[in-house]
Amino acid sequence: MAKEKISFEEFFKGRDITNLTKEIKLKTIPTPIIIRAVTKEEFAEYSKISKGDPQKLMELMVINNTVEPNFKSATLLEAFKVTNPKDLINKVLISGEFFAIAEEIGKLSEFDLDINAKVEQAKN
């Protein structure tokens with residue numbers, strides 16, 4: 001049976017891209033992580049702040065677009081005795097987990113985030 005074609009109006013009606021989320025699982029973390037897509041406005045802000053630094057861009061995405069755990073949570077920051085979300089992600093995520101989360105946020109946001117290229121670029 002062929003899939004019924006719908007109009008753009010029907011597709012976009014009621015679509016809320018600000019809350020487009022996805023549950024992901026990483027091999028090294030037993031609890032699912034919930035991520036949220038990056039909006040156009042957020043991406044513009046992150047790009048401006050990161051000034052072309054791919055590592056900083058990925059940090060902003062992971063900090064701001066990970067719903068659960070909330071890396072900005074005062075309770076979580078206090079529990080790990082850190083004062084900011086960047087220090088928290090550096091303390092609790094190994095490199096592969098960090099890049100996997102950033103990559104999944106990129107996929108959900110429908111842009112190509114070639115992590116390997118970004119890592120090489122960040123090294124130089």
# chains A, B, ... in the order shown; residues from 1 in each chain; ligands from 1

call {"tool": "residues_around", "arguments": {"residues": "Thr66 of chain A", "least_positions_apart": "2", "cutoff": "12 Å", "atoms": "only C-alpha atoms", "output": "PyMOL selection string"}}
result
chain A and resi 19-24+32-38+58-64+68-73+85+89+98+100-106+108

call {"tool": "closest_residue", "arguments": {"among": "A:Ser109, A:Lys5, A:Phe99, A:Leu26", "to": "Lys56 of chain A", "atoms": "only C-alpha atoms"}}
result
A:Phe99

call {"tool": "residues_around", "arguments": {"residues": "Phe80 of chain A", "least_positions_apart": "5", "cutoff": "9 Å", "atoms": "only C-alpha atoms", "output": "ChimeraX atom specification"}}
result
/A:75,88,91-92

call {"tool": "write_last_selection", "arguments": {"atoms": "N, CA and C atoms", "output": "PDB file, in the first residue's frame"}}
result
ATOM      1  N   THR A  75      21.363  21.544  41.098  1.00  0.00           N
ATOM      2  CA  THR A  75      21.500  20.362  41.937  1.00  0.00           C
ATOM      3  C   THR A  75      22.614  19.456  41.429  1.00  0.00           C
ATOM      4  N   LEU A  88      31.087  20.485  34.401  1.00  0.00           N
ATOM      5  CA  LEU A  88      30.317  19.274  34.679  1.00  0.00           C
ATOM      6  C   LEU A  88      30.462  18.257  33.553  1.00  0.00           C
ATOM      7  N   LYS A  91      33.693  16.632  33.634  1.00  0.00           N
ATOM      8  CA  LYS A  91      33.874  15.735  34.773  1.00  0.00           C
ATOM      9  C   LYS A  91      33.115  14.416  34.616  1.00  0.00           C
ATOM     10  N   VAL A  92      31.956  14.448  33.979  1.00  0.00           N
ATOM     11  CA  VAL A  92      31.113  13.246  33.955  1.00  0.00           C
ATOM     12  C   VAL A  92      31.078  12.502  32.626  1.00  0.00           C
TER      13      VAL A  92
END

call {"tool": "select_by_dssp", "arguments": {"residues": "chain A", "states": "helix (DSSP H, G or I)", "output": "ChimeraX atom specification"}}
result
/A:8-12,17-19,40-50,54-65,74-79,85-92,95-108,115-123

call {"tool": "atom_distance", "arguments": {"atom1": "atom CA of Lys51 of chain A", "atom2": "atom CA of Leu93 of chain A"}}
result
23.8 Å

call {"tool": "decode", "arguments": {"residues": "segment 50-78 of chain A", "atoms": "C-alpha atoms", "output": "tab-separated table (two decimals), in the first residue's frame"}}
result
chain	number	residue	atom	x	y	z
A	50	SER	CA	31.86	29.77	19.38
A	51	LYS	CA	33.50	32.01	16.73
A	52	GLY	CA	34.21	29.06	14.45
A	53	ASP	CA	35.59	26.81	17.20
A	54	PRO	CA	33.95	23.39	16.62
A	55	GLN	CA	34.74	22.18	20.15
A	56	LYS	CA	32.99	25.19	21.67
A	57	LEU	CA	30.03	24.73	19.30
A	58	MET	CA	29.63	21.11	20.38
A	59	GLU	CA	29.92	22.08	24.06
A	60	LEU	CA	27.12	24.61	23.64
A	61	MET	CA	24.94	22.04	21.90
A	62	VAL	CA	25.54	19.36	24.54
A	63	ILE	CA	25.02	21.76	27.45
A	64	ASN	CA	21.91	23.47	26.05
A	65	ASN	CA	20.26	20.69	24.05
A	66	THR	CA	20.57	17.78	26.43
A	67	VAL	CA	17.27	17.67	28.28
A	68	GLU	CA	18.07	14.77	30.60
A	69	PRO	CA	20.44	14.97	32.32
A	70	ASN	CA	20.16	18.73	32.57
A	71	PHE	CA	23.79	19.83	32.63
A	72	LYS	CA	22.68	23.30	33.80
A	73	SER	CA	20.90	21.93	36.88
A	74	ALA	CA	22.09	23.62	40.09
A	75	THR	CA	21.50	20.36	41.94
A	76	LEU	CA	23.68	18.40	39.53
A	77	LEU	CA	26.41	21.08	39.54
A	78	GLU	CA	26.43	21.05	43.33
